[in-house]
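Heads up: the structure comes next, in structure tokens.
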Amino acid sequence: ASLRRMSDAPAFVDPENHAPLQLADQDQLREVQRRLEAGELRRRDGGELPERLDGAYLPASRLYAYPVVDGVPDFLANERLEFSTKLEA
């Protein structure tokens, strides 16, 4: 097996399963923020939710997001934001 070039590797991967993560586009981020404000999200560890997101990284499943708060991505699996229903792509 050969090593992949760095440019071929995804920028960020899920810390649990190493699947690629994609930065949410504006529409997706707006929907994540709407769900956050409506109380439809929960943190995996049950901890306090952020008030506002600057961004979010999503897996292909669109069932959870790793938040970006104050410009800093949070890739701790226990702090990810879980959705009750799949986020539309």
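Identifiers in this document derive from the order of the structure tokens: chains are assigned A, B, ..., residues are numbered from 1 separately in each chain, and ligands are numbered from 1 in order of occurrence.
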Sorted per-residue table, range 68-87 of chain A near range 40-53 of chain A, closest atoms and distance, 6 Å, only C-alpha atoms, as a tab-separated table:
```
residue	atom	partner	partner_atom	distance
A:Val68	CA	A:Leu53	CA	5.8
A:Val69	CA	A:Leu53	CA	5.2
A:Asn78	CA	A:Asp45	CA	5.1
A:Glu79	CA	A:Arg43	CA	5.5
A:Arg80	CA	A:Arg43	CA	5.6
A:Leu81	CA	A:Arg43	CA	4.7
A:Glu82	CA	A:Arg42	CA	5.4
A:Phe83	CA	A:Leu41	CA	5.3
```
Output all heavy atoms for every residue in that selection, as a JSON list (two decimals), in the first residue's frame.
```json
[["chain", "number", "residue", "atom", "x", "y", "z"],
["A", 68, "VAL", "N", -17.96, 24.75, 15.80],
["A", 68, "VAL", "CA", -16.90, 25.74, 15.77],
["A", 68, "VAL", "C", -17.43, 26.93, 16.56],
["A", 68, "VAL", "O", -18.44, 27.53, 16.19],
["A", 68, "VAL", "CB", -16.55, 26.17, 14.33],
["A", 68, "VAL", "CG1", -15.46, 27.24, 14.34],
["A", 68, "VAL", "CG2", -16.14, 24.97, 13.49],
["A", 69, "VAL", "N", -16.80, 27.23, 17.70],
["A", 69, "VAL", "CA", -17.23, 28.31, 18.58],
["A", 69, "VAL", "C", -16.07, 29.29, 18.76],
["A", 69, "VAL", "O", -14.94, 28.86, 19.04],
["A", 69, "VAL", "CB", -17.68, 27.75, 19.95],
["A", 69, "VAL", "CG1", -18.11, 28.86, 20.88],
["A", 69, "VAL", "CG2", -18.82, 26.74, 19.77],
["A", 78, "ASN", "N", -17.20, 13.58, 22.75],
["A", 78, "ASN", "CA", -18.23, 13.73, 23.78],
["A", 78, "ASN", "C", -18.91, 15.08, 23.76],
["A", 78, "ASN", "O", -19.97, 15.25, 24.37],
["A", 78, "ASN", "CB", -17.64, 13.47, 25.17],
["A", 78, "ASN", "CG", -17.43, 12.01, 25.42],
["A", 78, "ASN", "OD1", -18.07, 11.16, 24.81],
["A", 78, "ASN", "ND2", -16.53, 11.70, 26.33],
["A", 79, "GLU", "N", -18.34, 16.05, 23.06],
["A", 79, "GLU", "CA", -18.92, 17.39, 23.00],
["A", 79, "GLU", "C", -19.60, 17.68, 21.67],
["A", 79, "GLU", "O", -20.08, 18.79, 21.44],
["A", 79, "GLU", "CB", -17.84, 18.43, 23.30],
["A", 79, "GLU", "CG", -17.31, 18.30, 24.71],
["A", 79, "GLU", "CD", -16.24, 19.33, 25.06],
["A", 79, "GLU", "OE1", -15.98, 20.26, 24.25],
["A", 79, "GLU", "OE2", -15.67, 19.20, 26.15],
["A", 80, "ARG", "N", -19.67, 16.68, 20.80],
["A", 80, "ARG", "CA", -20.33, 16.91, 19.51],
["A", 80, "ARG", "C", -21.82, 17.16, 19.72],
["A", 80, "ARG", "O", -22.42, 16.75, 20.72],
["A", 80, "ARG", "CB", -20.08, 15.75, 18.56],
["A", 80, "ARG", "CG", -20.85, 14.50, 18.90],
["A", 80, "ARG", "CD", -20.44, 13.36, 17.99],
["A", 80, "ARG", "NE", -21.32, 12.22, 18.15],
["A", 80, "ARG", "CZ", -21.06, 11.03, 17.68],
["A", 80, "ARG", "NH1", -19.94, 10.81, 17.01],
["A", 80, "ARG", "NH2", -21.92, 10.05, 17.86],
["A", 81, "LEU", "N", -22.43, 17.82, 18.74],
["A", 81, "LEU", "CA", -23.85, 18.14, 18.79],
["A", 81, "LEU", "C", -24.61, 17.07, 18.03],
["A", 81, "LEU", "O", -24.35, 16.85, 16.84],
["A", 81, "LEU", "CB", -24.10, 19.52, 18.17],
["A", 81, "LEU", "CG", -23.29, 20.67, 18.77],
["A", 81, "LEU", "CD1", -23.59, 21.96, 18.02],
["A", 81, "LEU", "CD2", -23.57, 20.82, 20.25],
["A", 82, "GLU", "N", -25.54, 16.43, 18.69],
["A", 82, "GLU", "CA", -26.30, 15.35, 18.07],
["A", 82, "GLU", "C", -27.69, 15.83, 17.69],
["A", 82, "GLU", "O", -28.34, 16.54, 18.45],
["A", 82, "GLU", "CB", -26.34, 14.15, 19.01],
["A", 82, "GLU", "CG", -24.93, 13.63, 19.26],
["A", 82, "GLU", "CD", -24.88, 12.31, 19.99],
["A", 82, "GLU", "OE1", -25.83, 11.99, 20.73],
["A", 82, "GLU", "OE2", -23.87, 11.60, 19.81],
["A", 83, "PHE", "N", -28.13, 15.42, 16.50],
["A", 83, "PHE", "CA", -29.42, 15.81, 15.96],
["A", 83, "PHE", "C", -30.44, 14.71, 16.22],
["A", 83, "PHE", "O", -30.11, 13.54, 16.18],
["A", 83, "PHE", "CB", -29.34, 16.04, 14.44],
["A", 83, "PHE", "CG", -28.23, 16.96, 13.99],
["A", 83, "PHE", "CD1", -27.58, 16.72, 12.81],
["A", 83, "PHE", "CD2", -27.86, 18.06, 14.74],
["A", 83, "PHE", "CE1", -26.57, 17.56, 12.36],
["A", 83, "PHE", "CE2", -26.85, 18.90, 14.32],
["A", 83, "PHE", "CZ", -26.21, 18.66, 13.11]]
```
field: alpha helix (DSSP H) positions in chain A, given as a VMD selection string
entry: chain A and resid 26 to 37
Next, the residues of the selection above should be written as a compact mmCIF listing (two decimals), in the first residue's frame with all heavy atoms.
```txt
# COMPACT_ATOMS: atom_id res chain seq x y z
N GLN A 26 -23.35 27.49 4.20
CA GLN A 26 -24.17 28.50 4.88
C GLN A 26 -25.56 27.99 5.21
O GLN A 26 -26.07 28.24 6.31
CB GLN A 26 -24.25 29.77 4.04
CG GLN A 26 -22.96 30.54 4.02
CD GLN A 26 -23.07 31.84 3.24
OE1 GLN A 26 -24.07 32.10 2.58
NE2 GLN A 26 -22.04 32.65 3.30
N ASP A 27 -26.20 27.29 4.28
CA ASP A 27 -27.55 26.77 4.54
C ASP A 27 -27.54 25.72 5.65
O ASP A 27 -28.42 25.72 6.51
CB ASP A 27 -28.16 26.17 3.27
CG ASP A 27 -28.49 27.22 2.22
OD1 ASP A 27 -28.70 28.40 2.60
OD2 ASP A 27 -28.55 26.86 1.03
N GLN A 28 -26.57 24.83 5.63
CA GLN A 28 -26.46 23.81 6.66
C GLN A 28 -26.20 24.45 8.03
O GLN A 28 -26.83 24.07 9.02
CB GLN A 28 -25.36 22.81 6.32
CG GLN A 28 -25.68 21.94 5.13
CD GLN A 28 -24.47 21.20 4.62
OE1 GLN A 28 -23.33 21.67 4.72
NE2 GLN A 28 -24.71 20.02 4.05
N LEU A 29 -25.30 25.41 8.07
CA LEU A 29 -25.00 26.09 9.33
C LEU A 29 -26.23 26.82 9.86
O LEU A 29 -26.52 26.78 11.05
CB LEU A 29 -23.83 27.05 9.16
CG LEU A 29 -23.43 27.81 10.43
CD1 LEU A 29 -23.05 26.85 11.55
CD2 LEU A 29 -22.30 28.77 10.12
N ARG A 30 -26.97 27.45 8.98
CA ARG A 30 -28.20 28.13 9.38
C ARG A 30 -29.18 27.14 10.01
O ARG A 30 -29.81 27.42 11.02
CB ARG A 30 -28.81 28.82 8.16
CG ARG A 30 -29.62 30.04 8.48
CD ARG A 30 -30.11 30.84 7.26
NE ARG A 30 -29.66 30.42 5.95
CZ ARG A 30 -28.68 31.00 5.25
NH1 ARG A 30 -28.02 32.01 5.75
NH2 ARG A 30 -28.36 30.57 4.05
N GLU A 31 -29.30 25.95 9.42
CA GLU A 31 -30.20 24.93 9.96
C GLU A 31 -29.71 24.39 11.30
O GLU A 31 -30.49 24.16 12.22
CB GLU A 31 -30.38 23.79 8.95
CG GLU A 31 -31.23 22.64 9.44
CD GLU A 31 -32.67 23.00 9.80
OE1 GLU A 31 -33.14 24.11 9.44
OE2 GLU A 31 -33.33 22.17 10.45
N VAL A 32 -28.40 24.17 11.42
CA VAL A 32 -27.86 23.73 12.71
C VAL A 32 -28.13 24.79 13.78
O VAL A 32 -28.57 24.47 14.89
CB VAL A 32 -26.35 23.42 12.61
CG1 VAL A 32 -25.76 23.11 13.98
CG2 VAL A 32 -26.10 22.25 11.66
N GLN A 33 -27.90 26.05 13.45
CA GLN A 33 -28.15 27.14 14.40
C GLN A 33 -29.64 27.22 14.76
O GLN A 33 -29.99 27.42 15.92
CB GLN A 33 -27.67 28.47 13.82
CG GLN A 33 -27.75 29.63 14.80
CD GLN A 33 -26.81 29.50 15.97
OE1 GLN A 33 -25.67 29.10 15.82
NE2 GLN A 33 -27.30 29.82 17.16
N ARG A 34 -30.52 27.03 13.78
CA ARG A 34 -31.96 27.05 14.05
C ARG A 34 -32.32 25.95 15.04
O ARG A 34 -33.04 26.16 16.01
CB ARG A 34 -32.76 26.87 12.75
CG ARG A 34 -34.28 26.98 12.98
CD ARG A 34 -35.09 26.35 11.86
NE ARG A 34 -34.97 24.91 11.78
CZ ARG A 34 -35.54 24.05 12.64
NH1 ARG A 34 -36.24 24.47 13.66
NH2 ARG A 34 -35.38 22.74 12.47
N ARG A 35 -31.79 24.75 14.80
CA ARG A 35 -32.06 23.63 15.70
C ARG A 35 -31.49 23.89 17.09
O ARG A 35 -32.11 23.53 18.10
CB ARG A 35 -31.47 22.34 15.14
CG ARG A 35 -32.20 21.83 13.90
CD ARG A 35 -31.59 20.54 13.41
NE ARG A 35 -32.20 20.09 12.18
CZ ARG A 35 -32.17 18.83 11.77
NH1 ARG A 35 -31.53 17.92 12.48
NH2 ARG A 35 -32.74 18.48 10.65
N LEU A 36 -30.34 24.51 17.15
CA LEU A 36 -29.73 24.85 18.44
C LEU A 36 -30.65 25.80 19.21
O LEU A 36 -30.95 25.57 20.39
CB LEU A 36 -28.36 25.49 18.21
CG LEU A 36 -27.58 25.95 19.43
CD1 LEU A 36 -27.22 24.78 20.32
CD2 LEU A 36 -26.33 26.70 19.00
N GLU A 37 -31.11 26.84 18.54
CA GLU A 37 -31.98 27.83 19.18
C GLU A 37 -33.33 27.25 19.56
O GLU A 37 -33.95 27.68 20.54
CB GLU A 37 -32.15 29.04 18.27
CG GLU A 37 -30.86 29.83 18.11
CD GLU A 37 -30.90 30.88 17.01
OE1 GLU A 37 -31.95 31.01 16.34
OE2 GLU A 37 -29.87 31.55 16.81
```
Report the residues of chain A whose backbone DSSP state falls under strand (DSSP E or B), written as a compact mmCIF listing (two decimals) with all heavy atoms, in the first residue's frame.
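Result file states_12.txt:
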```
# COMPACT_ATOMS: atom_id res chain seq x y z
N PHE A 12 -10.16 17.33 7.88
CA PHE A 12 -10.48 16.86 9.22
C PHE A 12 -11.24 15.55 9.13
O PHE A 12 -12.02 15.34 8.19
CB PHE A 12 -11.33 17.88 9.97
CG PHE A 12 -10.59 19.14 10.28
CD1 PHE A 12 -10.86 20.30 9.58
CD2 PHE A 12 -9.62 19.18 11.27
CE1 PHE A 12 -10.18 21.48 9.85
CE2 PHE A 12 -8.93 20.36 11.55
CZ PHE A 12 -9.21 21.50 10.84
N VAL A 13 -11.02 14.69 10.10
CA VAL A 13 -11.73 13.41 10.16
C VAL A 13 -12.37 13.24 11.53
O VAL A 13 -11.92 13.84 12.52
CB VAL A 13 -10.81 12.20 9.86
CG1 VAL A 13 -10.28 12.28 8.44
CG2 VAL A 13 -9.69 12.11 10.86
N PRO A 20 -14.20 11.17 6.89
CA PRO A 20 -14.01 12.59 6.57
C PRO A 20 -15.14 13.46 7.11
O PRO A 20 -16.30 13.04 7.16
CB PRO A 20 -14.02 12.62 5.04
CG PRO A 20 -13.85 11.23 4.59
CD PRO A 20 -14.32 10.34 5.69
N LEU A 21 -14.78 14.66 7.51
CA LEU A 21 -15.76 15.67 7.94
C LEU A 21 -15.71 16.81 6.95
O LEU A 21 -14.66 17.14 6.41
CB LEU A 21 -15.42 16.18 9.34
CG LEU A 21 -15.49 15.17 10.47
CD1 LEU A 21 -14.95 15.78 11.75
CD2 LEU A 21 -16.91 14.67 10.67
N GLN A 22 -16.87 17.42 6.73
CA GLN A 22 -16.98 18.51 5.79
C GLN A 22 -17.49 19.75 6.52
O GLN A 22 -18.43 19.65 7.32
CB GLN A 22 -17.93 18.13 4.66
CG GLN A 22 -18.08 19.19 3.59
CD GLN A 22 -19.00 18.72 2.49
OE1 GLN A 22 -20.08 18.21 2.75
NE2 GLN A 22 -18.57 18.90 1.26
N LEU A 23 -16.90 20.90 6.24
CA LEU A 23 -17.37 22.14 6.83
C LEU A 23 -18.77 22.43 6.30
O LEU A 23 -19.01 22.36 5.08
CB LEU A 23 -16.42 23.29 6.47
CG LEU A 23 -16.73 24.64 7.09
CD1 LEU A 23 -16.66 24.58 8.62
CD2 LEU A 23 -15.77 25.69 6.55
N LEU A 41 -31.11 20.15 19.71
CA LEU A 41 -29.80 19.50 19.73
C LEU A 41 -29.43 19.15 21.16
O LEU A 41 -29.90 19.77 22.10
CB LEU A 41 -28.72 20.43 19.16
CG LEU A 41 -28.88 20.94 17.75
CD1 LEU A 41 -27.69 21.80 17.37
CD2 LEU A 41 -29.05 19.81 16.78
N ARG A 42 -28.56 18.16 21.27
CA ARG A 42 -27.99 17.87 22.58
C ARG A 42 -26.53 17.52 22.39
O ARG A 42 -26.13 17.01 21.33
CB ARG A 42 -28.73 16.73 23.27
CG ARG A 42 -28.52 15.37 22.68
CD ARG A 42 -29.18 14.29 23.54
NE ARG A 42 -28.73 12.97 23.16
CZ ARG A 42 -27.64 12.36 23.64
NH1 ARG A 42 -26.89 12.95 24.53
NH2 ARG A 42 -27.29 11.16 23.24
N ARG A 43 -25.78 17.85 23.40
CA ARG A 43 -24.39 17.44 23.38
C ARG A 43 -24.33 15.98 23.79
O ARG A 43 -25.09 15.52 24.64
CB ARG A 43 -23.57 18.28 24.37
CG ARG A 43 -22.54 19.11 23.69
CD ARG A 43 -21.78 20.00 24.58
NE ARG A 43 -21.06 19.33 25.65
CZ ARG A 43 -20.13 19.89 26.38
NH1 ARG A 43 -19.80 21.14 26.15
NH2 ARG A 43 -19.53 19.25 27.34
N GLY A 55 -19.41 27.90 12.95
CA GLY A 55 -19.32 26.90 11.90
C GLY A 55 -19.61 25.54 12.51
O GLY A 55 -19.86 25.42 13.71
N ALA A 56 -19.58 24.53 11.66
CA ALA A 56 -19.79 23.16 12.11
C ALA A 56 -19.19 22.22 11.08
O ALA A 56 -19.23 22.50 9.88
CB ALA A 56 -21.28 22.86 12.28
N TYR A 57 -18.63 21.12 11.57
CA TYR A 57 -18.10 20.07 10.69
C TYR A 57 -19.05 18.89 10.76
O TYR A 57 -19.42 18.44 11.84
CB TYR A 57 -16.68 19.67 11.11
CG TYR A 57 -15.67 20.68 10.67
CD1 TYR A 57 -15.34 21.76 11.48
CD2 TYR A 57 -15.05 20.58 9.43
CE1 TYR A 57 -14.42 22.71 11.07
CE2 TYR A 57 -14.13 21.52 9.01
CZ TYR A 57 -13.82 22.58 9.83
OH TYR A 57 -12.91 23.52 9.41
N LEU A 58 -19.45 18.40 9.59
CA LEU A 58 -20.46 17.35 9.48
C LEU A 58 -19.88 16.08 8.86
O LEU A 58 -19.13 16.15 7.89
CB LEU A 58 -21.62 17.82 8.60
CG LEU A 58 -22.32 19.11 9.01
CD1 LEU A 58 -23.20 19.60 7.88
CD2 LEU A 58 -23.12 18.88 10.27
N TYR A 64 -24.88 14.34 13.26
CA TYR A 64 -24.26 15.11 14.33
C TYR A 64 -23.28 16.10 13.71
O TYR A 64 -23.00 16.04 12.51
CB TYR A 64 -23.57 14.21 15.36
CG TYR A 64 -22.54 13.27 14.78
CD1 TYR A 64 -21.22 13.66 14.62
CD2 TYR A 64 -22.89 11.98 14.38
CE1 TYR A 64 -20.27 12.80 14.07
CE2 TYR A 64 -21.95 11.11 13.85
CZ TYR A 64 -20.64 11.53 13.70
OH TYR A 64 -19.71 10.67 13.17
N ALA A 65 -22.80 17.01 14.55
CA ALA A 65 -21.86 18.02 14.07
C ALA A 65 -20.82 18.29 15.15
O ALA A 65 -21.12 18.22 16.34
CB ALA A 65 -22.58 19.31 13.73
N TYR A 66 -19.63 18.61 14.70
CA TYR A 66 -18.60 19.10 15.60
C TYR A 66 -18.64 20.62 15.48
O TYR A 66 -18.46 21.17 14.39
CB TYR A 66 -17.23 18.54 15.21
CG TYR A 66 -17.12 17.08 15.53
CD1 TYR A 66 -17.38 16.11 14.57
CD2 TYR A 66 -16.81 16.65 16.82
CE1 TYR A 66 -17.31 14.75 14.88
CE2 TYR A 66 -16.74 15.30 17.13
CZ TYR A 66 -16.99 14.36 16.17
OH TYR A 66 -16.93 13.03 16.48
N PRO A 67 -18.91 21.32 16.58
CA PRO A 67 -19.12 22.77 16.51
C PRO A 67 -17.82 23.57 16.37
O PRO A 67 -16.75 23.12 16.77
CB PRO A 67 -19.78 23.08 17.86
CG PRO A 67 -19.23 22.04 18.79
CD PRO A 67 -19.08 20.80 17.93
N VAL A 68 -17.96 24.75 15.80
CA VAL A 68 -16.90 25.74 15.77
C VAL A 68 -17.43 26.93 16.56
O VAL A 68 -18.44 27.53 16.19
CB VAL A 68 -16.55 26.17 14.33
CG1 VAL A 68 -15.46 27.24 14.34
CG2 VAL A 68 -16.14 24.97 13.49
N VAL A 69 -16.80 27.23 17.70
CA VAL A 69 -17.23 28.31 18.58
C VAL A 69 -16.07 29.29 18.76
O VAL A 69 -14.94 28.86 19.04
CB VAL A 69 -17.68 27.75 19.95
CG1 VAL A 69 -18.11 28.86 20.88
CG2 VAL A 69 -18.82 26.74 19.77
N VAL A 72 -12.94 28.40 16.90
CA VAL A 72 -12.16 27.22 17.25
C VAL A 72 -13.00 25.95 17.08
O VAL A 72 -14.03 25.81 17.74
CB VAL A 72 -11.66 27.32 18.72
CG1 VAL A 72 -10.86 26.09 19.10
CG2 VAL A 72 -10.85 28.59 18.92
N PRO A 73 -12.58 25.04 16.20
CA PRO A 73 -13.30 23.77 16.06
C PRO A 73 -13.15 22.92 17.32
O PRO A 73 -12.07 22.89 17.92
CB PRO A 73 -12.63 23.09 14.87
CG PRO A 73 -11.80 24.12 14.21
CD PRO A 73 -11.47 25.14 15.25
N LEU A 81 -22.43 17.82 18.74
CA LEU A 81 -23.85 18.14 18.79
C LEU A 81 -24.61 17.07 18.03
O LEU A 81 -24.35 16.85 16.84
CB LEU A 81 -24.10 19.52 18.17
CG LEU A 81 -23.29 20.67 18.77
CD1 LEU A 81 -23.59 21.96 18.02
CD2 LEU A 81 -23.57 20.82 20.25
N GLU A 82 -25.54 16.43 18.69
CA GLU A 82 -26.30 15.35 18.07
C GLU A 82 -27.69 15.83 17.69
O GLU A 82 -28.34 16.54 18.45
CB GLU A 82 -26.34 14.15 19.01
CG GLU A 82 -24.93 13.63 19.26
CD GLU A 82 -24.88 12.31 19.99
OE1 GLU A 82 -25.83 11.99 20.73
OE2 GLU A 82 -23.87 11.60 19.81
N PHE A 83 -28.13 15.42 16.50
CA PHE A 83 -29.42 15.81 15.96
C PHE A 83 -30.44 14.71 16.22
O PHE A 83 -30.11 13.54 16.18
CB PHE A 83 -29.34 16.04 14.44
CG PHE A 83 -28.23 16.96 13.99
CD1 PHE A 83 -27.58 16.72 12.81
CD2 PHE A 83 -27.86 18.06 14.74
CE1 PHE A 83 -26.57 17.56 12.36
CE2 PHE A 83 -26.85 18.90 14.32
CZ PHE A 83 -26.21 18.66 13.11
```
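For the pair CA of Ser84 in chain A and CA of Asp14 in chain A, the separation is 19.1 Å.
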Length of the CA of Glu88 in chain A to CA of Ala60 in chain A vector [Å]: 10.5 Å
